[in-house]
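Novice: The structure file coords-v7.txt (compact mmCIF, C-alpha atoms) is provided below.
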# COMPACT_ATOMS: atom_id res chain seq x y z
CA MET A 1 -7.11 2.77 -219.61
CA ARG A 2 -5.30 1.97 -216.30
CA ARG A 3 -7.14 2.62 -213.06
CA ARG A 4 -5.40 4.59 -210.29
CA ARG A 5 -5.16 2.96 -206.84
CA ALA A 6 -6.99 4.65 -203.98
CA PRO A 7 -4.88 6.32 -201.27
CA ALA A 8 -6.24 3.84 -198.63
CA ALA A 9 -4.95 0.85 -200.63
CA LEU A 10 -1.52 2.42 -200.97
CA ALA A 11 -1.35 2.93 -197.20
CA ALA A 12 -2.24 -0.74 -196.55
CA LEU A 13 0.50 -1.92 -198.93
CA ALA A 14 3.05 0.26 -197.12
CA LEU A 15 2.11 -1.22 -193.73
CA LEU A 16 2.38 -4.78 -195.07
CA ALA A 17 5.84 -4.10 -196.47
CA ALA A 18 7.02 -2.69 -193.16
CA ALA A 19 5.69 -5.76 -191.34
CA CYS A 20 7.49 -8.13 -193.69
CA SER A 21 10.72 -6.22 -193.24
CA GLY A 22 10.44 -6.46 -189.42
CA ARG A 23 9.64 -10.17 -189.62
CA ALA A 24 12.68 -10.84 -191.74
CA SER A 25 14.91 -9.17 -189.19
CA ARG A 26 13.53 -11.49 -186.50
CA GLU A 27 13.65 -14.63 -188.66
CA GLY A 28 17.35 -14.27 -189.48
CA ASP A 29 19.05 -14.98 -192.79
CA SER A 30 16.75 -17.83 -193.78
CA GLY A 31 13.63 -15.63 -193.56
CA LYS A 32 11.76 -18.35 -191.66
CA ALA A 33 11.62 -18.66 -187.83
CA PRO A 34 11.88 -22.17 -186.33
CA ALA A 35 8.59 -23.38 -184.85
CA GLY A 36 8.04 -22.26 -181.26
CA GLY A 37 11.10 -20.00 -180.97
CA PHE A 38 12.82 -16.93 -182.29
CA THR A 39 16.29 -16.21 -183.65
CA LEU A 40 18.82 -13.41 -183.42
CA SER A 41 21.15 -11.86 -185.88
CA PRO A 42 24.88 -12.60 -185.48
CA GLU A 43 25.38 -9.13 -183.98
CA GLN A 44 22.57 -9.70 -181.49
CA ARG A 45 23.88 -13.13 -180.46
CA GLN A 46 27.10 -11.51 -179.26
CA LYS A 47 25.08 -10.00 -176.41
CA VAL A 48 23.98 -13.43 -175.17
CA ARG A 49 25.99 -16.02 -173.22
CA THR A 50 24.79 -19.56 -172.60
CA LEU A 51 25.72 -22.33 -170.18
CA ALA A 52 25.28 -26.11 -170.44
CA LEU A 53 23.43 -27.58 -167.46
CA ALA A 54 24.93 -30.47 -165.50
CA PRO A 55 23.92 -32.00 -162.13
CA ARG A 56 25.95 -30.68 -159.20
CA ARG A 57 26.29 -31.47 -155.53
CA PHE A 58 25.31 -28.73 -153.08
CA ARG A 59 23.93 -28.11 -149.61
CA ARG A 60 20.53 -26.55 -149.24
CA SER A 61 19.64 -23.39 -147.38
CA ILE A 62 16.12 -23.65 -145.96
CA GLU A 63 14.64 -20.19 -145.59
CA THR A 64 11.58 -19.75 -143.42
CA THR A 65 10.11 -17.59 -140.65
CA GLY A 66 10.01 -17.94 -136.88
CA THR A 67 9.10 -16.34 -133.57
CA VAL A 68 11.51 -15.40 -130.76
CA GLY A 69 11.06 -16.77 -127.24
CA PHE A 70 13.09 -16.97 -124.06
CA ASP A 71 15.65 -19.74 -123.64
CA ALA A 72 13.81 -21.92 -121.12
CA ASP A 73 17.14 -23.25 -119.84
CA LEU A 74 18.22 -19.70 -118.94
CA ALA A 75 14.90 -18.20 -117.79
CA THR A 76 12.84 -18.74 -114.67
CA GLN A 77 9.60 -17.46 -113.20
CA VAL A 78 9.98 -16.08 -109.68
CA VAL A 79 7.20 -17.32 -107.37
CA SER A 80 6.58 -15.60 -104.06
CA PRO A 81 8.00 -17.68 -101.16
CA LEU A 82 5.74 -15.92 -98.65
CA SER A 83 2.25 -14.50 -98.19
CA GLY A 84 1.23 -10.89 -97.71
CA PRO A 85 0.71 -7.63 -99.63
CA VAL A 86 3.44 -6.12 -101.80
CA SER A 87 4.81 -3.04 -100.07
CA ARG A 88 7.42 -1.93 -102.63
CA LEU A 89 8.86 -2.91 -105.99
CA LEU A 90 12.65 -2.65 -106.18
CA VAL A 91 13.23 -3.33 -109.91
CA SER A 92 11.59 -2.39 -113.18
CA LEU A 93 11.33 -4.14 -116.53
CA GLY A 94 14.68 -4.44 -118.27
CA THR A 95 16.71 -4.21 -115.07
CA GLY A 96 19.76 -6.46 -114.94
CA VAL A 97 19.93 -8.41 -111.68
CA GLU A 98 22.29 -10.82 -109.99
CA LYS A 99 21.43 -14.01 -108.16
CA GLY A 100 20.04 -13.19 -104.70
CA GLN A 101 19.32 -9.53 -105.49
CA PRO A 102 16.08 -8.16 -103.89
CA LEU A 103 13.22 -7.70 -106.36
CA ALA A 104 10.33 -6.63 -104.11
CA GLU A 105 9.40 -6.14 -100.46
CA VAL A 106 6.37 -7.79 -98.88
CA ALA A 107 4.66 -6.89 -95.59
CA SER A 108 4.39 -10.52 -94.56
CA PRO A 109 2.46 -11.55 -91.41
CA ASP A 110 4.31 -14.85 -91.45
CA PHE A 111 7.37 -13.62 -89.57
CA ALA A 112 6.14 -14.37 -86.03
CA ALA A 113 5.11 -17.90 -86.99
CA ASP A 114 8.36 -18.53 -88.85
CA ALA A 115 10.44 -17.17 -85.95
CA SER A 116 8.60 -19.45 -83.51
CA ALA A 117 9.10 -22.43 -85.82
CA TYR A 118 12.81 -21.67 -86.04
CA ARG A 119 13.16 -21.48 -82.22
CA LYS A 120 11.44 -24.84 -81.86
CA ALA A 121 13.51 -26.42 -84.64
CA GLU A 122 16.73 -25.07 -83.14
CA ALA A 123 15.90 -26.45 -79.69
CA LEU A 124 14.91 -29.86 -81.07
CA ALA A 125 18.07 -30.05 -83.18
CA ARG A 126 20.31 -29.23 -80.22
CA ASN A 127 18.59 -31.78 -77.99
CA ALA A 128 18.64 -34.49 -80.65
CA ARG A 129 22.33 -33.93 -81.31
CA ARG A 130 23.12 -34.09 -77.58
CA ILE A 131 21.25 -37.40 -77.27
CA ALA A 132 23.00 -38.82 -80.34
CA ASP A 133 26.43 -37.94 -78.93
CA LEU A 134 25.58 -39.54 -75.56
CA ASP A 135 24.25 -42.71 -77.23
CA GLU A 136 27.44 -42.99 -79.26
CA LYS A 137 29.51 -43.00 -76.05
CA LEU A 138 27.14 -45.51 -74.42
CA TYR A 139 27.48 -47.80 -77.45
CA GLU A 140 31.27 -47.59 -77.31
CA ASN A 141 31.10 -48.69 -73.65
CA GLY A 142 28.59 -51.46 -74.39
CA GLY A 143 25.72 -49.66 -72.65
CA ILE A 144 23.22 -49.77 -75.62
CA ALA A 145 22.70 -51.72 -78.79
CA ARG A 146 24.05 -50.47 -82.12
CA ARG A 147 20.50 -50.13 -83.42
CA ASP A 148 19.64 -47.61 -80.68
CA MET A 149 22.75 -45.60 -81.40
CA GLU A 150 21.98 -45.43 -85.13
CA GLN A 151 18.38 -44.39 -84.46
CA ALA A 152 19.55 -41.52 -82.27
CA GLU A 153 21.89 -40.35 -85.04
CA THR A 154 19.04 -40.51 -87.56
CA ASP A 155 16.80 -38.44 -85.28
CA ALA A 156 19.53 -35.83 -84.87
CA ILE A 157 20.08 -35.51 -88.63
CA SER A 158 16.32 -35.14 -89.24
CA ALA A 159 16.01 -32.45 -86.57
CA GLU A 160 18.96 -30.52 -88.01
CA ALA A 161 17.41 -30.64 -91.46
CA ASP A 162 14.20 -29.13 -90.07
CA ARG A 163 16.24 -26.42 -88.36
CA ASP A 164 18.06 -25.56 -91.60
CA ALA A 165 14.74 -25.32 -93.48
CA ALA A 166 13.31 -22.98 -90.84
CA ARG A 167 16.46 -20.85 -90.98
CA GLN A 168 16.27 -20.57 -94.78
CA GLN A 169 12.64 -19.48 -94.55
CA LEU A 170 13.64 -16.63 -92.24
CA ARG A 171 16.45 -15.63 -94.59
CA SER A 172 13.89 -15.34 -97.41
CA LEU A 173 12.04 -12.86 -95.18
CA GLY A 174 15.15 -10.68 -94.95
CA VAL A 175 16.50 -11.83 -91.56
CA ASP A 176 20.29 -11.58 -91.42
CA ASP A 177 22.75 -13.56 -89.30
CA ALA A 178 22.40 -11.16 -86.35
CA GLY A 179 18.65 -11.58 -86.42
CA LEU A 180 18.93 -15.37 -86.52
CA GLU A 181 21.25 -15.30 -83.51
CA ALA A 182 18.79 -13.13 -81.61
CA ILE A 183 15.94 -15.55 -82.37
CA ARG A 184 18.01 -18.49 -81.13
CA GLU A 185 18.59 -16.61 -77.87
CA ASN A 186 14.86 -15.70 -77.56
CA ARG A 187 15.57 -11.98 -77.86
CA THR A 188 13.21 -9.52 -79.58
CA VAL A 189 14.12 -9.02 -83.23
CA ALA A 190 13.29 -5.94 -85.25
CA VAL A 191 13.08 -6.93 -88.90
CA GLY A 192 12.10 -4.99 -91.99
CA PRO A 193 9.77 -6.13 -94.77
CA ALA A 194 10.23 -9.59 -96.21
CA VAL A 195 12.11 -9.68 -99.50
CA ILE A 196 11.56 -11.57 -102.78
CA ARG A 197 14.96 -12.29 -104.32
CA ALA A 198 16.17 -13.26 -107.78
CA PRO A 199 16.91 -17.01 -107.93
CA VAL A 200 19.20 -16.54 -110.97
CA GLY A 201 21.08 -13.72 -112.64
CA GLY A 202 19.74 -12.08 -115.79
CA VAL A 203 17.28 -9.41 -116.92
CA VAL A 204 13.80 -8.78 -115.50
CA VAL A 205 11.67 -9.42 -118.60
CA GLU A 206 8.27 -9.71 -116.92
CA ARG A 207 6.74 -8.05 -113.84
CA LEU A 208 3.53 -9.76 -112.80
CA ILE A 209 2.72 -7.98 -109.51
CA THR A 210 1.79 -4.46 -108.39
CA PRO A 211 2.15 -2.62 -105.07
CA GLY A 212 -0.57 -3.65 -102.64
CA GLN A 213 -1.27 -6.95 -104.36
CA LEU A 214 -1.82 -9.84 -101.95
CA LEU A 215 0.60 -12.71 -102.55
CA GLN A 216 0.15 -16.37 -101.71
CA ALA A 217 3.27 -18.24 -100.70
CA GLY A 218 4.41 -20.77 -103.30
CA THR A 219 1.58 -19.84 -105.67
CA THR A 220 1.74 -16.25 -106.92
CA PRO A 221 4.15 -15.64 -109.85
CA CYS A 222 5.91 -12.30 -109.42
CA PHE A 223 8.64 -11.84 -112.05
CA THR A 224 10.38 -13.58 -114.92
CA VAL A 225 14.16 -13.32 -114.98
CA ALA A 226 15.98 -14.44 -118.12
CA ASP A 227 19.50 -14.48 -119.51
CA LEU A 228 18.97 -12.85 -122.92
CA SER A 229 22.43 -13.58 -124.31
CA THR A 230 20.82 -16.60 -126.00
CA VAL A 231 17.19 -16.93 -127.16
CA TRP A 232 15.07 -19.63 -128.75
CA VAL A 233 13.57 -19.09 -132.19
CA MET A 234 10.71 -21.42 -133.16
CA ALA A 235 10.90 -21.76 -136.94
CA ASN A 236 8.35 -23.38 -139.25
CA VAL A 237 9.70 -25.99 -141.67
CA PHE A 238 7.46 -27.63 -144.25
CA GLN A 239 7.43 -31.23 -145.41
CA ILE A 240 9.43 -30.66 -148.60
CA ASP A 241 12.39 -29.27 -146.61
CA LEU A 242 12.09 -31.43 -143.49
CA PRO A 243 14.43 -34.25 -144.70
CA PHE A 244 17.27 -31.72 -144.96
CA VAL A 245 16.99 -30.30 -141.41
CA GLU A 246 18.81 -32.02 -138.54
CA VAL A 247 19.83 -31.19 -134.99
CA GLY A 248 23.19 -29.43 -135.09
CA ASP A 249 22.67 -27.67 -138.44
CA PRO A 250 23.98 -24.07 -138.40
CA ALA A 251 21.42 -21.32 -138.88
CA SER A 252 21.14 -17.56 -139.05
CA VAL A 253 18.37 -15.28 -137.78
CA THR A 254 17.56 -11.87 -139.31
CA THR A 255 15.20 -9.34 -137.75
CA GLY A 256 14.34 -7.31 -140.85
CA GLU A 257 15.55 -5.59 -143.98
CA GLY A 258 19.18 -4.65 -143.52
CA GLY A 259 19.38 -6.33 -140.13
CA ALA A 260 22.50 -8.24 -139.19
CA ALA A 261 22.29 -12.03 -139.33
CA LEU A 262 22.76 -13.56 -135.89
CA PRO A 263 24.27 -17.07 -135.70
CA GLY A 264 22.37 -19.99 -134.25
CA THR A 265 22.12 -23.78 -134.16
CA VAL A 266 19.21 -26.17 -134.62
CA GLN A 267 18.56 -27.73 -131.20
CA TYR A 268 15.30 -29.59 -131.69
CA VAL A 269 13.03 -30.84 -134.48
CA SER A 270 9.46 -31.57 -133.39
CA ALA A 271 7.88 -34.94 -134.04
CA LEU A 272 4.46 -33.30 -134.53
CA VAL A 273 2.94 -31.50 -137.52
CA ASP A 274 0.83 -28.40 -136.93
CA PRO A 275 -2.65 -29.38 -138.23
CA THR A 276 -3.37 -25.79 -139.31
CA THR A 277 -0.16 -24.78 -141.11
CA ARG A 278 1.11 -28.32 -141.89
CA ALA A 279 4.53 -27.16 -140.71
CA VAL A 280 6.93 -28.72 -138.21
CA ALA A 281 8.37 -26.60 -135.40
CA VAL A 282 12.17 -26.40 -135.37
CA ARG A 283 13.90 -24.76 -132.40
CA VAL A 284 16.97 -22.66 -133.15
CA ALA A 285 19.15 -21.40 -130.31
CA ALA A 286 20.45 -18.00 -131.48
CA LYS A 287 23.07 -15.69 -130.04
CA ASN A 288 21.68 -12.32 -128.96
CA PRO A 289 24.64 -10.20 -127.82
CA ALA A 290 23.01 -6.79 -128.42
CA GLY A 291 19.49 -7.76 -127.35
CA ALA A 292 18.05 -7.28 -130.86
CA LEU A 293 15.98 -10.47 -130.58
CA ARG A 294 12.98 -9.82 -128.35
CA LYS A 295 10.21 -12.12 -127.19
CA ASP A 296 7.49 -12.74 -129.82
CA LEU A 297 9.47 -10.88 -132.50
CA TYR A 298 8.78 -12.16 -136.03
CA VAL A 299 12.09 -13.03 -137.76
CA ARG A 300 13.51 -14.70 -140.86
CA VAL A 301 15.48 -17.92 -140.38
CA ALA A 302 17.96 -19.57 -142.76
CA ILE A 303 19.03 -23.12 -141.90
CA GLN A 304 22.17 -24.40 -143.63
CA SER A 305 21.71 -28.11 -144.21
CA ARG A 306 24.76 -30.33 -143.69
CA ARG A 307 23.28 -33.03 -145.92
CA ASP A 308 24.50 -33.14 -149.54
CA SER A 309 21.96 -32.83 -152.39
CA THR A 310 22.29 -33.24 -156.15
CA GLY A 311 20.43 -31.10 -158.68
CA LEU A 312 20.54 -28.46 -161.40
CA LEU A 313 21.76 -25.02 -160.35
CA VAL A 314 21.57 -21.91 -162.55
CA PRO A 315 22.81 -18.37 -161.87
CA ALA A 316 20.11 -16.26 -160.29
CA SER A 317 20.56 -13.74 -163.13
CA ALA A 318 19.31 -16.36 -165.61
CA VAL A 319 15.90 -16.57 -163.96
CA LEU A 320 13.41 -13.94 -165.16
CA ARG A 321 9.77 -13.25 -164.31
CA ASP A 322 6.82 -13.01 -166.69
CA ASP A 323 3.71 -10.84 -166.48
CA GLU A 324 2.23 -13.26 -163.93
CA ASN A 325 5.42 -13.10 -161.84
CA LEU A 326 6.20 -16.74 -162.69
CA PRO A 327 9.87 -17.70 -163.16
CA PHE A 328 11.24 -18.66 -166.57
CA VAL A 329 14.54 -18.99 -168.42
CA PHE A 330 15.56 -18.79 -172.07
CA VAL A 331 16.81 -22.06 -173.56
CA ALA A 332 19.11 -22.09 -176.60
CA ARG A 333 18.05 -24.74 -179.15
CA PRO A 334 20.46 -26.64 -181.41
CA ASP A 335 18.96 -24.91 -184.47
CA GLY A 336 19.98 -21.50 -183.13
CA ALA A 337 16.56 -20.42 -181.88
CA PHE A 338 15.61 -19.54 -178.32
CA ASP A 339 12.66 -20.80 -176.29
CA ARG A 340 11.06 -19.31 -173.21
CA ARG A 341 10.73 -22.09 -170.61
CA ARG A 342 8.82 -21.85 -167.33
CA VAL A 343 10.63 -23.47 -164.41
CA THR A 344 9.95 -24.43 -160.80
CA LEU A 345 12.49 -23.09 -158.32
CA GLY A 346 13.79 -24.91 -155.28
CA THR A 347 16.28 -23.57 -152.77
CA ARG A 348 18.68 -20.69 -153.29
CA VAL A 349 22.38 -21.49 -152.90
CA GLU A 350 24.29 -18.21 -152.57
CA ASP A 351 23.94 -16.59 -156.05
CA GLU A 352 22.34 -19.62 -157.72
CA GLU A 353 18.84 -21.08 -157.91
CA GLU A 354 17.93 -24.75 -157.84
CA ILE A 355 15.70 -25.83 -160.74
CA VAL A 356 13.23 -28.46 -159.57
CA SER A 357 11.42 -28.91 -162.90
CA GLY A 358 11.33 -27.41 -166.38
CA LEU A 359 14.92 -28.09 -167.45
CA ALA A 360 17.06 -31.16 -168.11
CA ALA A 361 20.77 -31.84 -167.88
CA GLY A 362 22.64 -30.98 -171.08
CA GLU A 363 20.37 -28.13 -172.14
CA GLN A 364 21.89 -24.74 -172.91
CA ILE A 365 20.36 -21.83 -171.01
CA VAL A 366 20.94 -18.11 -171.35
CA VAL A 367 22.88 -16.78 -168.34
CA GLU A 368 23.72 -13.34 -169.74
CA GLY A 369 21.52 -11.26 -172.02
CA GLY A 370 18.20 -12.64 -170.81
CA LEU A 371 16.67 -9.18 -170.45
CA PHE A 372 17.79 -8.36 -174.00
CA LEU A 373 16.10 -11.53 -175.26
CA GLN A 374 12.93 -10.70 -173.33
CA PHE A 375 12.85 -7.27 -175.00
CA ALA A 376 13.63 -8.70 -178.44
CA GLU A 377 10.90 -11.33 -178.07
CA SER A 378 8.31 -8.67 -177.36
CA GLN A 379 9.14 -6.63 -180.50
Show this structure as C-alpha cells.
Specialist:
Amino acid sequence: MRRRRAPAALAALALLAAACSGRASREGDSGKAPAGGFTLSPEQRQKVRTLALAPRRFRRSIETTGTVGFDADLATQVVSPLSGPVSRLLVSLGTGVEKGQPLAEVASPDFAADASAYRKAEALARNARRIADLDEKLYENGGIARRDMEQAETDAISAEADRDAARQQLRSLGVDDAGLEAIRENRTVAVGPAVIRAPVGGVVVERLITPGQLLQAGTTPCFTVADLSTVWVMANVFQIDLPFVEVGDPASVTTGEGGAALPGTVQYVSALVDPTTRAVAVRVAAKNPAGALRKDLYVRVAIQSRRDSTGLLVPASAVLRDDENLPFVFVARPDGAFDRRRVTLGTRVEDEEEIVSGLAAGEQIVVEGGLFLQFAESQ
C-alpha cells in the first residue's frame, strides 16, 4: 500500500522547484553559471553596453579646499602718523576710499612742535641755499676752492630735505598750503584736527581704532585698506597631486553649492609641508568682481594641471557604489559572464573618472546598464 506524502513535504518540494527555475534563468542556456560571475539572457544583454579600456593622455584637475585672504600686494595696514586721541571716525567698514581720503581725525598735541620744526627747517634751508649760491659765484671768480663750493651745495640740499620732511608732517596733520605759508611768515595759524589719510585706494576692510583711543605715532595700526578686485586663496594640495601643480596653472574657486566658479591662477607653491595636515600650501590669485570672496571664507578650489598624464579613464556613469560606499565597476568576461570589480579612483576629468587600480588595459567594462546589472545580481 502506497504512503501519502505529508503536506509539509509537498511544500518543501515546491520551494525547491521554484529555486531551481530561478537559478536556471540566471545561469543562462547552459544551466551552469561561470565561477565568480553571473550571466544574462540575450534579451537582458541588449540593455548593457560595454567599452574596451585603453590608456589615454589627459590633464588632471586637482580638487581641494582653501581659505580666502587679502591680496597682500593690494592691501595695506594704515598706521597712525601722529600721536593723540581719536576725535572722530570718518569711514566705516566696507567704505570705498581713494588715495589720500581722510579716514579719521585726531586731536594731536604735536602741532605746535611740528610747526616750530617747520619754521626752523624753512629758515635753515633758505640760509643754506643762499650760502651755496654765493659760494658758487666765489668759485667761478676763483675766490674759494671747488671742495668748499661742493660742500655748501651739499649742506643746502640736506637742509631742503629736512624742510620738505617737516612740511609733509604738517600736511599729514591737515595743514593746507595757506596754513604752511602762514607758518613760514610766523603768523598764527588756526588748524583743525589732524587727519589720518588712506595711503592707497580700495575698501576699508578692518577698523582697529575707536573714538577716544590714544594713538602713538608710527606704532598704532588704525585701518586696513584693500583692493578686493583680486584676492588670495590658500589651497591645500597633498603629496599625490603635488607633482601636477605648477605656478601659472589655471584654477577656479567656488564658494558653495550652485555658486559661480571664479577664475584664478596659481601664483606660488610652498616649499614646506604642514606637519599636521601633511599638505602643501598653494596660493591662487582669484578674480573677485562682485566681492563674493571674503576674508577667511572656506571655498572649493579646482586646479587645472598643464602637465600631461597617461592613464585609464572610464565614464563616470560606469562607476557604482556598494553598500559600504566603495566604488566598483562591472567587467564583462570573455565567457559572457560579468564580474563586480572594486576600483580605486583618481582625478575626475570632466565626465570621466581616472582608474588608479582595479582594472587593466584591454578589459571590457559596462558603461551603460550598470544599475540593471546591480539589480539583477541581487536577485
Novice: Using only C-alpha atoms, which of the listed residues (A:Ala145, A:Leu215, A:Val68, A:Ile196) sits closest to A:Met234?
Specialist: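 Checking each candidate against A:Met234, we get A:Val68 as the closest.
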Novice: Can you tell me which residues surround A:Val237 at a distance of at most 7 Å, considering only C-alpha atoms, apart from same-chain residues fewer than 6 positions away, and format the answer as a count of residues only?
Specialist: 5
Novice: Given the choices A:Ser172, A:Thr154, A:Ser378, A:Thr67, which gets closest to A:Thr254 if the distance is worked out from only C-alpha atoms?
Specialist: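 Nearest candidate to A:Thr254 out of A:Ser172, A:Thr154, A:Ser378, A:Thr67: A:Thr67.
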Novice: Report as an mmCIF file with C-alpha atoms, keeping the file's coordinate frame all protein, DNA and RNA residues lying within 8 Å of stretch 317-325 of chain A, evaluated on only C-alpha atoms, omitting residues in the same chain fewer than 2 positions from it.
Specialist:
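Output saved as selection_19.cif:
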data_model
loop_
_atom_site.group_PDB
_atom_site.id
_atom_site.type_symbol
_atom_site.label_atom_id
_atom_site.label_comp_id
_atom_site.auth_asym_id
_atom_site.auth_seq_id
_atom_site.Cartn_x
_atom_site.Cartn_y
_atom_site.Cartn_z
ATOM 1 C CA VAL A 314 21.570 -21.910 -162.550
ATOM 2 C CA PRO A 315 22.810 -18.370 -161.870
ATOM 3 C CA PRO A 327 9.870 -17.700 -163.160
ATOM 4 C CA PHE A 328 11.240 -18.660 -166.570
ATOM 5 C CA VAL A 329 14.540 -18.990 -168.420
ATOM 6 C CA PHE A 330 15.560 -18.790 -172.070
ATOM 7 C CA ILE A 365 20.360 -21.830 -171.010
ATOM 8 C CA VAL A 366 20.940 -18.110 -171.350
ATOM 9 C CA VAL A 367 22.880 -16.780 -168.340
ATOM 10 C CA GLU A 368 23.720 -13.340 -169.740
ATOM 11 C CA GLY A 370 18.200 -12.640 -170.810
ATOM 12 C CA LEU A 371 16.670 -9.180 -170.450
#
Novice: How many Å lie between atom CA of A:Cys222 and atom CA of A:Val78, rounded to one decimal?
Specialist: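 Taking atom CA of A:Cys222 and atom CA of A:Val78, their separation equals 5.6 Å.
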Novice: Quick one: residues within 6 Å of A:Ala104, all atoms listed in the file, excluding same-chain residues fewer than 6 positions away - as a compact mmCIF listing (two decimals) with C-alpha atoms, keeping the file's coordinate frame?
Specialist:
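Output contents, as saved in selection.txt:
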# COMPACT_ATOMS: atom_id res chain seq x y z
CA ARG A 88 7.42 -1.93 -102.63
CA LEU A 89 8.86 -2.91 -105.99
CA LEU A 90 12.65 -2.65 -106.18
CA VAL A 195 12.11 -9.68 -99.50
CA ILE A 196 11.56 -11.57 -102.78
Novice: Can you sort out stretch 37-52 of chain A so it carries N, CA and C atoms, written as a PDB file, keeping the file's coordinate frame?
Specialist:
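To be explicit, this is the file written out as result.pdb:
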ATOM      1  N   GLY A  37       9.998 -20.780-181.497  1.00  0.00           N
ATOM      2  CA  GLY A  37      11.100 -20.000-180.970  1.00  0.00           C
ATOM      3  C   GLY A  37      11.354 -18.774-181.803  1.00  0.00           C
ATOM      4  N   PHE A  38      12.447 -18.083-181.506  1.00  0.00           N
ATOM      5  CA  PHE A  38      12.820 -16.930-182.290  1.00  0.00           C
ATOM      6  C   PHE A  38      14.335 -16.888-182.370  1.00  0.00           C
ATOM      7  N   THR A  39      14.843 -16.247-183.404  1.00  0.00           N
ATOM      8  CA  THR A  39      16.290 -16.210-183.650  1.00  0.00           C
ATOM      9  C   THR A  39      16.805 -14.791-183.527  1.00  0.00           C
ATOM     10  N   LEU A  40      18.137 -14.697-183.477  1.00  0.00           N
ATOM     11  CA  LEU A  40      18.820 -13.410-183.420  1.00  0.00           C
ATOM     12  C   LEU A  40      19.808 -13.311-184.562  1.00  0.00           C
ATOM     13  N   SER A  41      20.111 -12.085-184.880  1.00  0.00           N
ATOM     14  CA  SER A  41      21.150 -11.860-185.880  1.00  0.00           C
ATOM     15  C   SER A  41      22.510 -12.143-185.247  1.00  0.00           C
ATOM     16  N   PRO A  42      23.552 -12.351-186.043  1.00  0.00           N
ATOM     17  CA  PRO A  42      24.880 -12.600-185.480  1.00  0.00           C
ATOM     18  C   PRO A  42      25.331 -11.480-184.525  1.00  0.00           C
ATOM     19  N   GLU A  43      24.999 -10.222-184.881  1.00  0.00           N
ATOM     20  CA  GLU A  43      25.380  -9.130-183.980  1.00  0.00           C
ATOM     21  C   GLU A  43      24.645  -9.221-182.653  1.00  0.00           C
ATOM     22  N   GLN A  44      23.361  -9.591-182.725  1.00  0.00           N
ATOM     23  CA  GLN A  44      22.570  -9.700-181.490  1.00  0.00           C
ATOM     24  C   GLN A  44      23.037 -10.866-180.622  1.00  0.00           C
ATOM     25  N   ARG A  45      23.448 -11.956-181.224  1.00  0.00           N
ATOM     26  CA  ARG A  45      23.880 -13.130-180.460  1.00  0.00           C
ATOM     27  C   ARG A  45      25.129 -12.850-179.618  1.00  0.00           C
ATOM     28  N   GLN A  46      25.900 -11.840-180.022  1.00  0.00           N
ATOM     29  CA  GLN A  46      27.100 -11.510-179.260  1.00  0.00           C
ATOM     30  C   GLN A  46      26.754 -10.954-177.862  1.00  0.00           C
ATOM     31  N   LYS A  47      25.515 -10.527-177.699  1.00  0.00           N
ATOM     32  CA  LYS A  47      25.080 -10.000-176.410  1.00  0.00           C
ATOM     33  C   LYS A  47      24.553 -11.088-175.471  1.00  0.00           C
ATOM     34  N   VAL A  48      24.579 -12.325-175.932  1.00  0.00           N
ATOM     35  CA  VAL A  48      23.980 -13.430-175.170  1.00  0.00           C
ATOM     36  C   VAL A  48      25.062 -14.461-174.849  1.00  0.00           C
ATOM     37  N   ARG A  49      25.075 -14.941-173.614  1.00  0.00           N
ATOM     38  CA  ARG A  49      25.990 -16.020-173.220  1.00  0.00           C
ATOM     39  C   ARG A  49      25.165 -17.166-172.639  1.00  0.00           C
ATOM     40  N   THR A  50      25.531 -18.385-173.037  1.00  0.00           N
ATOM     41  CA  THR A  50      24.790 -19.560-172.600  1.00  0.00           C
ATOM     42  C   THR A  50      25.674 -20.463-171.749  1.00  0.00           C
ATOM     43  N   LEU A  51      25.019 -21.392-171.043  1.00  0.00           N
ATOM     44  CA  LEU A  51      25.720 -22.330-170.180  1.00  0.00           C
ATOM     45  C   LEU A  51      25.026 -23.684-170.266  1.00  0.00           C
ATOM     46  N   ALA A  52      25.821 -24.752-170.394  1.00  0.00           N
ATOM     47  CA  ALA A  52      25.280 -26.110-170.440  1.00  0.00           C
ATOM     48  C   ALA A  52      25.003 -26.590-169.019  1.00  0.00           C
TER      49      ALA A  52
END
